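Since the structure comes first, as structure tokens, the remarks are kept for the end.
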Amino acid sequence: MDTNQDVPAIDSHRALQIWITENLKMLPLPERAHGNFFEECCYVILHVPQSPKATHRGSGDLHYWIGKEASAESQRAAVTFLQRLQEALGDQTALHRESQGHESDRFHSYFLPGVIYRKGGQASALKHVETNMYKVQRLLHIRGRKHVSATEVALSWNSFNKGGIFLLDLGKVLIQWNGPNTGISEKSRALTLTCSLRDRERGGRAQIGVVDDEKKAADLMHIMEAVLGCRSGSLSASAPINSVSQQQKAHIRLYHVCEKGTDLVVQELATRPLTQDLLQEEGCYLLDQGGFKIYMWQGRKSSPQDKKAAFNRAVAFIQAKGYPNYTNVEVVNEGAESTAFQQLFQMWSEEQDGKKHKGKNKLMQAKPDIGKLHTQPELAAQLRMVDDGSGKVEVWCIQDLQRQPVDPKHHGQLCSGNCYLALYTYQTLGRVRYILYLWQSHQTTIEDTQALSRNAEELDLMYQGALVQEHVTMGREPPHFLAIFQGQLVVFQGCAGNRGKRPPTSSPRLFHVQGTDSHNTRTMEVQARASSLISSDIFFLVTNDACYLWFGKGCSGDQREMARMVVAVFPGNNMETVLEGQEPPHFWEALGGRAPYPSHKRLPEVSCIQPRLFECSSPSGCLVLTEVVFFGQEDLDKYDVMLLDTCQEIFLWLGEATGEWKKEAVAWGHEYLRTHPAERSLDTPIVLVKQGYEPATFTGWFTTWDPYKWMNNQSYEEVVEGSLGPGVAVSEMTAEVHNFQITQRLSDNKAGPSTLLASKGSQDCPEKDLELGLSVDGKDPRISSTSSCCSSVANGSLPRERLMHQAVEDLPQGVDPARKEFYLSDSDFQDIFGKSKEEFYSMAKWKQQQEKKKLGFF
């Protein structure tokens, strides 16, 4: 690289800036060329988040992209430029190493609806945006579900397979061929890319055709055969999908990297689960995520030499481990870690200068205004409450594998040996909404759990799929579940009696009361032993003779007030208030005597990091997640199952056309928790949300949300119809191909034929049989031509008197009555119309029609 090249000025108001290698220099790439990557080039991409909801605390991301045919000199030039740019931007910028076809989810999130890999490089990369993009003849293989890419492949039927999607790009005509084994989701994403290519590179003036069924799209297949030749033999099977499963990503190892003399020492420190205190500010660390991705973490006090060597050290580690050379690398600096990196650790606390970040969770510290939940979905999401819990509540207990209604006076009194369904009905924006809670404990049997899910589905059918289903585990109930019982939730040990009645009271029984208000209070029965007590909390002891409300020394006034409300569900026996240290002898006798107990209970900390959105799939039976880094409502597609991880809850969003995947959704949620590198709690609530029925606790995590978006949502079939149009559009597409001299590329050292297209039949007829005129080995196509695909009347093969002023029935066989002038020779056409065919067909349609009427060709 030219070491004297100045570091370019950075526009912080532009989200994306890209540079490309050209003669070992890095030159800025025009914005209209973004998303196109040439295989012989290297690129440097700077992304500066413009959204207030950034995914990490850094100032941006620098990506170094390597084309699969890029030279070593180009790579060195890009790395040198990257390092100089990073020095100018500072340590708050993360560095990424990307390889063609194996880019990170973050990289793909910059380029919507997809990236296009193009052959060549050097001068072609900078000039391709200036050329006439109508003079194109290429075949693109489109891959991917959420992150789509299109790779230029050989223009031959040999490139096709049954599970692939291919785009034949002829400039003014784009034909998307969908393999018989492709899913509707892949077809839809590919069509979005096809439409984008038309709009961005062709100014919206190209015709699009889609082949879903070759027999029903005979016209389009004839065009493809004219370009690719006739297909011989059957297509190859679907190409295997090399996806990294969550199970693979769960294997993580942390290494300390340092230099001792002239030697580089890489020492393994820990495996899953990792803790943040392993990272020291003066050190450098390498985190290996199953060979899928390598992170290099650099402390704020690490040396400049260490920081400069980070990329080289990561590459050396990849080579030493025998990992593929395309393994992704991310270099992060202390204080600028991405959310993906933070979630690899059990707990992550954002610290500045050794002190916890002040002002964090002010929302949780202040008394929230519950009345604003309907108008502030972001507040509802943070508090995990759709309203104050004052709506209608219905409860069923699962007994004998069937749901039995629970008497309203026993609502909130649950038994650990049973499963329960709690249906909550409320209104928002004038619409009736529902949340169905599926509650279970660790003591319930597999049969009861299956019966719980089955009964929930029956209720969902009764309510026509309108229920939001939230799976809740005893002890991890979300705030809104507690709120619908107004703080009166009491969980008894044992199994319920008839109609959900609590089990008969035995003596003694001890209950742990936790909470300060109606949406955070729960009461759980614990072992009646002195060791169960905690000084900071409140307990309720029930004996045959008396009831004791025990206040620990560390409990607050709000706790005491809430406890007095809770014990009202225990009628009978005289209640006595007991302060810690002033217990009567009978109190300790009921608990089996005195015993040591803790002064306070350590509550599990919850990492407060940015939510993450993933697309779920299971191509080979294992869960595969694709992250959408800068997500919005537009990333939720009707064919998707999406997983939103908010740390305290897991949402699974089901598009209305997800089909059979709906049954797998909850299992995917459990697998996500089970295989999470940070060993997340399996009791984390899992919420099932259907398209069009999203609660505020879900929508509040999105920057904006349009509740009416789904009302005008087109299906894939409707989009195809809108792209291709009726039969007239097919005729116009054929006309465009007639005007284009298609030259088949050299393949296997054999020159292919030069092909011209014509059509027969009326322009108003939606089904056209394309006719081919072939020029082979220099022979004049006006003499005769034959194709194994079809025979045709060739271009320019008919004299003017056979075409001018002729009725349809008098035309030669194979002539399209709507395009009689097309069959004139070039010289006759010039003589009659006073212009070339190219000039004529570039005119507006109405002008063409006028001239044809005037000259006898209409």
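Just so we're on the same page: first chain in the structure tokens is A, next is B, and so on; residues restart at 1 for each chain, and ligands are numbered from 1 in the order they show up.
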Review point. Got a sec: who's within 8 Å of Ala237 of chain A, counting only C-alpha atoms, leaving out chain neighbours fewer than 2 positions off, as JSON, numbers by chain?
Key: {"A": [161, 162, 163, 235, 239]}
Practice item. Tell me which protein, DNA and RNA residues are within 10 Å of Gly659 of chain A, counting only C-alpha atoms, leaving out same-chain ones fewer than 4 positions away, and put them as a PyMOL selection string. Key: chain A and resi 639-641+654-655+663
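Counting only C-alpha atoms and comparing A:Val569, A:Trp701, A:Lys690, A:Asp388, the residue that lies closest to Pro611 of chain A is A:Trp701.
Distances to Thr577 of chain A were evaluated for A:Lys820, A:Ile609, A:Ile538, A:Phe81 using only C-alpha atoms, and the minimum falls at A:Ile538.
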Identify, on the basis of only C-alpha atoms, every residue whose closest approach to Thr375 of chain A does not exceed 12 Å; exclude the query and any residue fewer than 4 positions from it along the same chain; express the result as a PDB file with all heavy atoms, in the first residue's frame.
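Final output, saved to out_23.pdb:
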```pdb
ATOM      1  N   ASP A 369     -44.911   4.798  36.711  1.00  0.00           N
ATOM      2  CA  ASP A 369     -46.291   5.239  36.553  1.00  0.00           C
ATOM      3  C   ASP A 369     -47.012   4.194  35.707  1.00  0.00           C
ATOM      4  O   ASP A 369     -46.929   4.201  34.472  1.00  0.00           O
ATOM      5  CB  ASP A 369     -46.333   6.608  35.878  1.00  0.00           C
ATOM      6  CG  ASP A 369     -47.742   7.186  35.828  1.00  0.00           C
ATOM      7  OD1 ASP A 369     -48.696   6.447  36.135  1.00  0.00           O
ATOM      8  OD2 ASP A 369     -47.883   8.375  35.500  1.00  0.00           O
ATOM      9  N   ILE A 370     -47.719   3.282  36.376  1.00  0.00           N
ATOM     10  CA  ILE A 370     -48.377   2.173  35.686  1.00  0.00           C
ATOM     11  C   ILE A 370     -49.416   2.681  34.692  1.00  0.00           C
ATOM     12  O   ILE A 370     -49.688   2.048  33.675  1.00  0.00           O
ATOM     13  CB  ILE A 370     -49.036   1.220  36.714  1.00  0.00           C
ATOM     14  CG1 ILE A 370     -47.988   0.673  37.676  1.00  0.00           C
ATOM     15  CG2 ILE A 370     -49.734   0.072  36.012  1.00  0.00           C
ATOM     16  CD1 ILE A 370     -46.913  -0.140  37.025  1.00  0.00           C
ATOM     17  N   GLY A 371     -49.986   3.852  34.953  1.00  0.00           N
ATOM     18  CA  GLY A 371     -51.029   4.384  34.074  1.00  0.00           C
ATOM     19  C   GLY A 371     -50.536   4.725  32.684  1.00  0.00           C
ATOM     20  O   GLY A 371     -51.340   4.910  31.768  1.00  0.00           O
ATOM     21  N   LEU A 379     -41.907   1.539  28.095  1.00  0.00           N
ATOM     22  CA  LEU A 379     -42.029   1.386  29.544  1.00  0.00           C
ATOM     23  C   LEU A 379     -42.615   0.016  29.880  1.00  0.00           C
ATOM     24  O   LEU A 379     -42.155  -0.666  30.802  1.00  0.00           O
ATOM     25  CB  LEU A 379     -42.910   2.501  30.119  1.00  0.00           C
ATOM     26  CG  LEU A 379     -43.145   2.479  31.632  1.00  0.00           C
ATOM     27  CD1 LEU A 379     -41.835   2.719  32.378  1.00  0.00           C
ATOM     28  CD2 LEU A 379     -44.195   3.514  32.034  1.00  0.00           C
ATOM     29  N   ALA A 380     -43.629  -0.392  29.102  1.00  0.00           N
ATOM     30  CA  ALA A 380     -44.238  -1.709  29.304  1.00  0.00           C
ATOM     31  C   ALA A 380     -43.203  -2.820  29.109  1.00  0.00           C
ATOM     32  O   ALA A 380     -43.181  -3.805  29.852  1.00  0.00           O
ATOM     33  CB  ALA A 380     -45.406  -1.897  28.334  1.00  0.00           C
ATOM     34  N   ALA A 381     -42.328  -2.648  28.112  1.00  0.00           N
ATOM     35  CA  ALA A 381     -41.297  -3.657  27.850  1.00  0.00           C
ATOM     36  C   ALA A 381     -40.293  -3.729  28.992  1.00  0.00           C
ATOM     37  O   ALA A 381     -39.910  -4.824  29.426  1.00  0.00           O
ATOM     38  CB  ALA A 381     -40.594  -3.350  26.526  1.00  0.00           C
ATOM     39  N   VAL A 386     -48.129  -5.308  30.650  1.00  0.00           N
ATOM     40  CA  VAL A 386     -48.973  -4.673  29.632  1.00  0.00           C
ATOM     41  C   VAL A 386     -49.942  -3.681  30.257  1.00  0.00           C
ATOM     42  O   VAL A 386     -50.401  -2.746  29.604  1.00  0.00           O
ATOM     43  CB  VAL A 386     -49.746  -5.726  28.809  1.00  0.00           C
ATOM     44  CG1 VAL A 386     -48.786  -6.589  28.015  1.00  0.00           C
ATOM     45  CG2 VAL A 386     -50.641  -6.579  29.694  1.00  0.00           C
ATOM     46  N   ASP A 387     -50.299  -3.903  31.526  1.00  0.00           N
ATOM     47  CA  ASP A 387     -51.167  -2.976  32.254  1.00  0.00           C
ATOM     48  C   ASP A 387     -51.004  -3.247  33.749  1.00  0.00           C
ATOM     49  O   ASP A 387     -50.072  -3.944  34.173  1.00  0.00           O
ATOM     50  CB  ASP A 387     -52.627  -3.093  31.797  1.00  0.00           C
ATOM     51  CG  ASP A 387     -53.256  -4.450  32.109  1.00  0.00           C
ATOM     52  OD1 ASP A 387     -52.579  -5.304  32.733  1.00  0.00           O
ATOM     53  OD2 ASP A 387     -54.420  -4.677  31.748  1.00  0.00           O
ATOM     54  N   THR A 428     -56.707  -2.661  24.842  1.00  0.00           N
ATOM     55  CA  THR A 428     -55.738  -1.628  24.493  1.00  0.00           C
ATOM     56  C   THR A 428     -56.043  -1.149  23.092  1.00  0.00           C
ATOM     57  O   THR A 428     -56.342  -1.947  22.200  1.00  0.00           O
ATOM     58  CB  THR A 428     -54.287  -2.164  24.583  1.00  0.00           C
ATOM     59  OG1 THR A 428     -53.393  -1.128  24.228  1.00  0.00           O
ATOM     60  CG2 THR A 428     -54.063  -3.345  23.667  1.00  0.00           C
ATOM     61  N   LEU A 429     -56.008   0.147  22.885  1.00  0.00           N
ATOM     62  CA  LEU A 429     -56.331   0.777  21.602  1.00  0.00           C
ATOM     63  C   LEU A 429     -57.684   0.309  21.070  1.00  0.00           C
ATOM     64  O   LEU A 429     -57.888   0.139  19.867  1.00  0.00           O
ATOM     65  CB  LEU A 429     -55.237   0.472  20.558  1.00  0.00           C
ATOM     66  CG  LEU A 429     -53.827   1.006  20.873  1.00  0.00           C
ATOM     67  CD1 LEU A 429     -52.837   0.543  19.814  1.00  0.00           C
ATOM     68  CD2 LEU A 429     -53.841   2.523  20.958  1.00  0.00           C
ATOM     69  N   ALA A 696     -47.569  -5.044  24.275  1.00  0.00           N
ATOM     70  CA  ALA A 696     -46.641  -3.921  24.443  1.00  0.00           C
ATOM     71  C   ALA A 696     -45.313  -4.371  25.033  1.00  0.00           C
ATOM     72  O   ALA A 696     -44.276  -3.741  24.794  1.00  0.00           O
ATOM     73  CB  ALA A 696     -47.281  -2.852  25.324  1.00  0.00           C
ATOM     74  N   THR A 699     -43.557  -5.187  21.667  1.00  0.00           N
ATOM     75  CA  THR A 699     -43.365  -4.077  20.735  1.00  0.00           C
ATOM     76  C   THR A 699     -42.497  -2.973  21.324  1.00  0.00           C
ATOM     77  O   THR A 699     -41.852  -2.223  20.588  1.00  0.00           O
ATOM     78  CB  THR A 699     -44.715  -3.484  20.312  1.00  0.00           C
ATOM     79  OG1 THR A 699     -45.378  -2.931  21.464  1.00  0.00           O
ATOM     80  CG2 THR A 699     -45.615  -4.548  19.701  1.00  0.00           C
ATOM     81  N   GLY A 700     -42.467  -2.863  22.653  1.00  0.00           N
ATOM     82  CA  GLY A 700     -41.675  -1.814  23.287  1.00  0.00           C
ATOM     83  C   GLY A 700     -40.187  -1.949  23.075  1.00  0.00           C
ATOM     84  O   GLY A 700     -39.438  -0.988  23.303  1.00  0.00           O
TER      85      GLY A 700
END
```
DSSP helix (DSSP H, G or I) residues within segment 489-697 of chain A, as a compact mmCIF listing (two decimals) with N, CA, C and O atoms, in the first residue's frame:
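What follows is the written file selection.txt:
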```
# COMPACT_ATOMS: atom_id res chain seq x y z
N ASN A 498 -60.23 -30.78 44.79
CA ASN A 498 -61.26 -30.59 43.78
C ASN A 498 -61.41 -29.11 43.43
O ASN A 498 -61.38 -28.24 44.30
N ARG A 499 -61.57 -28.81 42.12
CA ARG A 499 -61.74 -27.45 41.61
C ARG A 499 -60.60 -26.52 42.05
O ARG A 499 -60.79 -25.34 42.27
N GLY A 500 -59.40 -27.10 42.16
CA GLY A 500 -58.23 -26.30 42.43
C GLY A 500 -58.07 -25.84 43.85
O GLY A 500 -57.24 -24.96 44.13
N ALA A 530 -35.95 -23.77 60.90
CA ALA A 530 -35.39 -22.46 61.25
C ALA A 530 -34.36 -22.01 60.22
O ALA A 530 -34.19 -20.81 59.96
N SER A 531 -33.68 -22.95 59.58
CA SER A 531 -32.66 -22.61 58.59
C SER A 531 -33.26 -21.99 57.33
O SER A 531 -32.52 -21.42 56.51
N SER A 532 -34.59 -22.05 57.16
CA SER A 532 -35.24 -21.45 55.99
C SER A 532 -35.41 -19.94 56.14
O SER A 532 -35.68 -19.24 55.17
N GLY A 557 -40.62 -1.21 55.46
CA GLY A 557 -42.01 -0.93 55.78
C GLY A 557 -42.95 -1.39 54.68
O GLY A 557 -44.05 -1.89 54.96
N ASP A 558 -42.55 -1.22 53.39
CA ASP A 558 -43.39 -1.68 52.28
C ASP A 558 -43.55 -3.19 52.31
O ASP A 558 -44.63 -3.72 52.03
N GLN A 559 -42.48 -3.90 52.67
CA GLN A 559 -42.57 -5.35 52.78
C GLN A 559 -43.58 -5.75 53.86
O GLN A 559 -44.38 -6.66 53.67
N ARG A 560 -43.53 -5.08 54.97
CA ARG A 560 -44.43 -5.41 56.09
C ARG A 560 -45.89 -5.15 55.71
O ARG A 560 -46.77 -5.96 56.00
N GLU A 561 -46.13 -4.02 55.04
CA GLU A 561 -47.50 -3.67 54.65
C GLU A 561 -48.05 -4.70 53.67
O GLU A 561 -49.20 -5.13 53.78
N MET A 562 -47.21 -5.13 52.72
CA MET A 562 -47.66 -6.11 51.72
C MET A 562 -47.89 -7.46 52.38
O MET A 562 -48.84 -8.17 52.04
N ALA A 563 -47.05 -7.83 53.36
CA ALA A 563 -47.20 -9.12 54.04
C ALA A 563 -48.52 -9.20 54.80
O ALA A 563 -49.18 -10.24 54.82
N ARG A 564 -48.93 -8.10 55.40
CA ARG A 564 -50.20 -8.09 56.15
C ARG A 564 -51.38 -8.34 55.21
O ARG A 564 -52.38 -8.95 55.60
N MET A 565 -51.26 -7.85 53.95
CA MET A 565 -52.32 -8.09 52.97
C MET A 565 -52.34 -9.56 52.53
O MET A 565 -53.39 -10.14 52.33
N VAL A 566 -51.16 -10.15 52.41
CA VAL A 566 -51.06 -11.53 51.93
C VAL A 566 -51.67 -12.52 52.93
O VAL A 566 -52.39 -13.45 52.55
N VAL A 567 -51.37 -12.33 54.23
CA VAL A 567 -51.82 -13.33 55.21
C VAL A 567 -53.33 -13.35 55.37
O VAL A 567 -53.86 -14.24 56.04
N ALA A 568 -54.02 -12.42 54.73
CA ALA A 568 -55.49 -12.42 54.79
C ALA A 568 -56.08 -13.66 54.12
O ALA A 568 -57.23 -14.01 54.36
N VAL A 569 -55.30 -14.34 53.25
CA VAL A 569 -55.83 -15.54 52.59
C VAL A 569 -55.81 -16.75 53.53
O VAL A 569 -56.28 -17.82 53.16
N PRO A 585 -41.08 -19.19 72.72
CA PRO A 585 -40.55 -20.57 72.64
C PRO A 585 -41.32 -21.45 71.67
O PRO A 585 -40.72 -22.29 70.96
N HIS A 586 -42.66 -21.29 71.62
CA HIS A 586 -43.47 -22.14 70.74
C HIS A 586 -43.10 -21.95 69.27
O HIS A 586 -43.23 -22.87 68.45
N PHE A 587 -42.65 -20.76 68.91
CA PHE A 587 -42.25 -20.47 67.52
C PHE A 587 -41.09 -21.38 67.12
O PHE A 587 -41.12 -22.02 66.07
N TRP A 588 -40.08 -21.47 68.01
CA TRP A 588 -38.92 -22.30 67.67
C TRP A 588 -39.25 -23.78 67.77
O TRP A 588 -38.73 -24.59 66.99
N GLU A 589 -40.14 -24.14 68.68
CA GLU A 589 -40.55 -25.55 68.79
C GLU A 589 -41.21 -26.01 67.49
O GLU A 589 -40.99 -27.14 67.03
N ALA A 590 -42.05 -25.13 66.90
CA ALA A 590 -42.75 -25.50 65.66
C ALA A 590 -41.76 -25.69 64.51
O ALA A 590 -42.02 -26.45 63.57
N GLN A 633 -39.28 -3.47 13.04
CA GLN A 633 -40.47 -4.24 12.74
C GLN A 633 -40.42 -4.82 11.34
O GLN A 633 -40.97 -5.90 11.08
N GLU A 634 -39.76 -4.12 10.41
CA GLU A 634 -39.69 -4.60 9.03
C GLU A 634 -38.91 -5.91 8.91
O GLU A 634 -38.99 -6.58 7.87
N ASP A 635 -38.16 -6.29 9.94
CA ASP A 635 -37.41 -7.54 9.90
C ASP A 635 -38.26 -8.74 10.30
O ASP A 635 -37.79 -9.89 10.26
N GLY A 659 -46.37 -22.01 9.28
CA GLY A 659 -46.75 -23.40 9.06
C GLY A 659 -46.29 -24.34 10.15
O GLY A 659 -46.51 -24.11 11.34
N GLU A 660 -45.59 -25.41 9.75
CA GLU A 660 -45.25 -26.48 10.68
C GLU A 660 -44.24 -26.04 11.74
O GLU A 660 -44.11 -26.69 12.77
N TRP A 661 -43.50 -24.94 11.50
CA TRP A 661 -42.50 -24.51 12.47
C TRP A 661 -43.12 -24.02 13.77
O TRP A 661 -42.45 -23.94 14.80
N LYS A 662 -44.41 -23.68 13.76
CA LYS A 662 -45.05 -23.20 14.98
C LYS A 662 -44.95 -24.23 16.10
O LYS A 662 -44.79 -23.88 17.26
N LYS A 663 -45.04 -25.50 15.75
CA LYS A 663 -44.99 -26.55 16.76
C LYS A 663 -43.61 -26.65 17.42
O LYS A 663 -43.49 -27.14 18.54
N GLU A 664 -42.59 -26.20 16.70
CA GLU A 664 -41.22 -26.32 17.20
C GLU A 664 -40.79 -25.12 18.03
O GLU A 664 -39.76 -25.16 18.68
N ALA A 665 -41.57 -24.04 18.01
CA ALA A 665 -41.11 -22.77 18.54
C ALA A 665 -40.71 -22.85 20.02
O ALA A 665 -39.62 -22.41 20.40
N VAL A 666 -41.58 -23.39 20.87
CA VAL A 666 -41.28 -23.45 22.30
C VAL A 666 -40.05 -24.32 22.56
O VAL A 666 -39.19 -23.98 23.38
N ALA A 667 -39.96 -25.44 21.83
CA ALA A 667 -38.79 -26.31 21.98
C ALA A 667 -37.51 -25.57 21.58
O ALA A 667 -36.46 -25.75 22.20
N TRP A 668 -37.61 -24.72 20.56
CA TRP A 668 -36.44 -23.93 20.16
C TRP A 668 -36.05 -22.96 21.28
O TRP A 668 -34.86 -22.73 21.51
N GLY A 669 -37.05 -22.38 21.94
CA GLY A 669 -36.76 -21.48 23.05
C GLY A 669 -36.00 -22.20 24.16
O GLY A 669 -35.02 -21.67 24.71
N HIS A 670 -36.44 -23.42 24.49
CA HIS A 670 -35.74 -24.21 25.52
C HIS A 670 -34.34 -24.59 25.07
O HIS A 670 -33.39 -24.55 25.87
N GLU A 671 -34.19 -24.94 23.78
CA GLU A 671 -32.86 -25.31 23.28
C GLU A 671 -31.92 -24.11 23.30
O GLU A 671 -30.73 -24.24 23.59
N TYR A 672 -32.46 -22.93 23.01
CA TYR A 672 -31.65 -21.71 23.05
C TYR A 672 -31.10 -21.49 24.46
O TYR A 672 -29.91 -21.18 24.62
N LEU A 673 -31.93 -21.65 25.46
CA LEU A 673 -31.48 -21.47 26.84
C LEU A 673 -30.49 -22.56 27.25
O LEU A 673 -29.49 -22.30 27.92
N ARG A 674 -30.78 -23.79 26.83
CA ARG A 674 -29.96 -24.93 27.24
C ARG A 674 -28.55 -24.86 26.63
O ARG A 674 -27.57 -25.28 27.26
N ALA A 696 -47.57 -5.04 24.28
CA ALA A 696 -46.64 -3.92 24.44
C ALA A 696 -45.31 -4.37 25.03
O ALA A 696 -44.28 -3.74 24.79
N THR A 697 -45.31 -5.46 25.80
CA THR A 697 -44.06 -5.97 26.37
C THR A 697 -43.12 -6.48 25.29
O THR A 697 -41.92 -6.63 25.53
```
Check your understanding: So what do you get for atom CA of Phe631 of chain A versus atom CA of Pro685 of chain A, distance-wise?
Key -> 21.9 Å
Revision key, fill the gap. Nearest to Lys852 of chain A, restricted to only C-alpha atoms and choosing among A:Ala217, A:Leu803, A:Ile208, A:Ile252, comes out as A:Leu803
Check your understanding: Running DSSP on the backbone, which parts of segment 12-234 of chain A land in strand (DSSP E or B), as a ChimeraX atom specification?
Key -> /A:16-22,25-28,36-38,42-47,56,60-66,93-99,115-118,138-143,149-153,161,165-169,173-178,207-211
Thr425 of chain A environment, 9 Å, only C-alpha atoms, sequence neighbours closer than 3 positions dropped, as a compact mmCIF listing (two decimals) with N, CA and C atoms, in the first residue's frame:
```
# COMPACT_ATOMS: atom_id res chain seq x y z
N GLY A 391 -57.50 -6.41 34.69
CA GLY A 391 -58.42 -7.03 33.74
C GLY A 391 -59.07 -8.28 34.28
N LYS A 392 -59.72 -9.02 33.37
CA LYS A 392 -60.44 -10.24 33.76
C LYS A 392 -59.48 -11.42 33.86
N VAL A 393 -59.63 -12.24 34.91
CA VAL A 393 -58.74 -13.39 35.13
C VAL A 393 -59.57 -14.67 35.23
N GLU A 394 -59.17 -15.69 34.48
CA GLU A 394 -59.75 -17.04 34.57
C GLU A 394 -58.61 -18.02 34.80
N VAL A 432 -59.70 -5.96 22.19
CA VAL A 432 -59.61 -6.93 23.27
C VAL A 432 -58.36 -7.78 23.04
N ARG A 433 -57.55 -7.93 24.06
CA ARG A 433 -56.31 -8.70 23.97
C ARG A 433 -56.30 -9.78 25.04
N TYR A 434 -55.46 -10.82 24.80
CA TYR A 434 -55.41 -11.96 25.72
C TYR A 434 -53.96 -12.36 25.98
N ILE A 435 -53.70 -12.76 27.22
CA ILE A 435 -52.44 -13.43 27.57
C ILE A 435 -52.79 -14.70 28.32
N LEU A 436 -52.27 -15.82 27.85
CA LEU A 436 -52.50 -17.11 28.52
C LEU A 436 -51.19 -17.53 29.18
```
With a distance cut-off of 8 Å and only C-alpha atoms, select the neighbouring residues of Val490 of chain A, excluding the residue or stretch itself and same-chain residues fewer than 6 positions from it, and output the selection as an mmCIF file with all heavy atoms, in the first residue's frame.
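For reference, selection_38.cif as written:
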```cif
data_model
loop_
_atom_site.group_PDB
_atom_site.id
_atom_site.type_symbol
_atom_site.label_atom_id
_atom_site.label_comp_id
_atom_site.auth_asym_id
_atom_site.auth_seq_id
_atom_site.Cartn_x
_atom_site.Cartn_y
_atom_site.Cartn_z
ATOM 1 N N GLY A 412 -55.012 -17.464 42.470
ATOM 2 C CA GLY A 412 -53.758 -17.052 43.089
ATOM 3 C C GLY A 412 -53.223 -18.046 44.085
ATOM 4 O O GLY A 412 -52.097 -17.900 44.564
ATOM 5 N N GLN A 413 -54.006 -19.080 44.417
ATOM 6 C CA GLN A 413 -53.553 -20.115 45.347
ATOM 7 C C GLN A 413 -53.199 -21.351 44.512
ATOM 8 O O GLN A 413 -54.078 -22.123 44.114
ATOM 9 C CB GLN A 413 -54.643 -20.418 46.374
ATOM 10 C CG GLN A 413 -55.019 -19.204 47.213
ATOM 11 C CD GLN A 413 -56.158 -19.490 48.175
ATOM 12 O OE1 GLN A 413 -56.392 -20.639 48.560
ATOM 13 N NE2 GLN A 413 -56.868 -18.451 48.580
ATOM 14 N N LEU A 414 -51.928 -21.508 44.245
ATOM 15 C CA LEU A 414 -51.452 -22.573 43.361
ATOM 16 C C LEU A 414 -50.739 -23.647 44.167
ATOM 17 O O LEU A 414 -50.227 -23.382 45.263
ATOM 18 C CB LEU A 414 -50.497 -21.996 42.307
ATOM 19 C CG LEU A 414 -50.975 -20.751 41.549
ATOM 20 C CD1 LEU A 414 -49.926 -20.337 40.517
ATOM 21 C CD2 LEU A 414 -52.315 -20.985 40.879
ATOM 22 N N ARG A 522 -44.707 -12.389 45.830
ATOM 23 C CA ARG A 522 -45.098 -13.799 45.753
ATOM 24 C C ARG A 522 -44.835 -14.427 47.120
ATOM 25 O O ARG A 522 -43.924 -14.013 47.850
ATOM 26 C CB ARG A 522 -44.307 -14.537 44.664
ATOM 27 C CG ARG A 522 -42.814 -14.589 44.898
ATOM 28 C CD ARG A 522 -42.100 -15.526 43.927
ATOM 29 N NE ARG A 522 -42.223 -15.131 42.552
ATOM 30 C CZ ARG A 522 -41.454 -14.207 41.952
ATOM 31 N NH1 ARG A 522 -40.517 -13.581 42.662
ATOM 32 N NH2 ARG A 522 -41.605 -13.917 40.691
ATOM 33 N N THR A 523 -45.639 -15.428 47.455
ATOM 34 C CA THR A 523 -45.484 -16.140 48.732
ATOM 35 C C THR A 523 -45.302 -17.615 48.421
ATOM 36 O O THR A 523 -46.149 -18.222 47.762
ATOM 37 C CB THR A 523 -46.726 -15.933 49.620
ATOM 38 O OG1 THR A 523 -46.894 -14.521 49.839
ATOM 39 C CG2 THR A 523 -46.560 -16.625 50.953
ATOM 40 N N MET A 524 -44.190 -18.184 48.868
ATOM 41 C CA MET A 524 -43.854 -19.563 48.545
ATOM 42 C C MET A 524 -43.728 -20.384 49.823
ATOM 43 O O MET A 524 -43.067 -19.948 50.781
ATOM 44 C CB MET A 524 -42.525 -19.621 47.787
ATOM 45 C CG MET A 524 -42.373 -18.596 46.676
ATOM 46 S SD MET A 524 -43.310 -19.018 45.198
ATOM 47 C CE MET A 524 -42.395 -20.428 44.626
ATOM 48 N N GLU A 525 -44.349 -21.561 49.843
ATOM 49 C CA GLU A 525 -44.170 -22.448 50.988
ATOM 50 C C GLU A 525 -42.785 -23.065 50.938
ATOM 51 O O GLU A 525 -42.333 -23.548 49.890
ATOM 52 C CB GLU A 525 -45.235 -23.542 51.006
ATOM 53 C CG GLU A 525 -45.137 -24.417 52.229
ATOM 54 C CD GLU A 525 -46.251 -25.442 52.342
ATOM 55 O OE1 GLU A 525 -47.118 -25.500 51.444
ATOM 56 O OE2 GLU A 525 -46.240 -26.210 53.333
#
```
Exercise for review: Using only C-alpha atoms, determine which residues lie at most 6 Å from segment 298-304 of chain A, disregarding the query and same-chain residues fewer than 5 positions distant; provide the list as a ChimeraX atom specification.
Suggested key: /A:281-284,333-334
Review point. Between A:Gln376, A:Gln850, A:Gln137, A:Thr21, which one has atoms that come closest to Gln75 of chain A, using only C-alpha atoms?
Key: A:Thr21
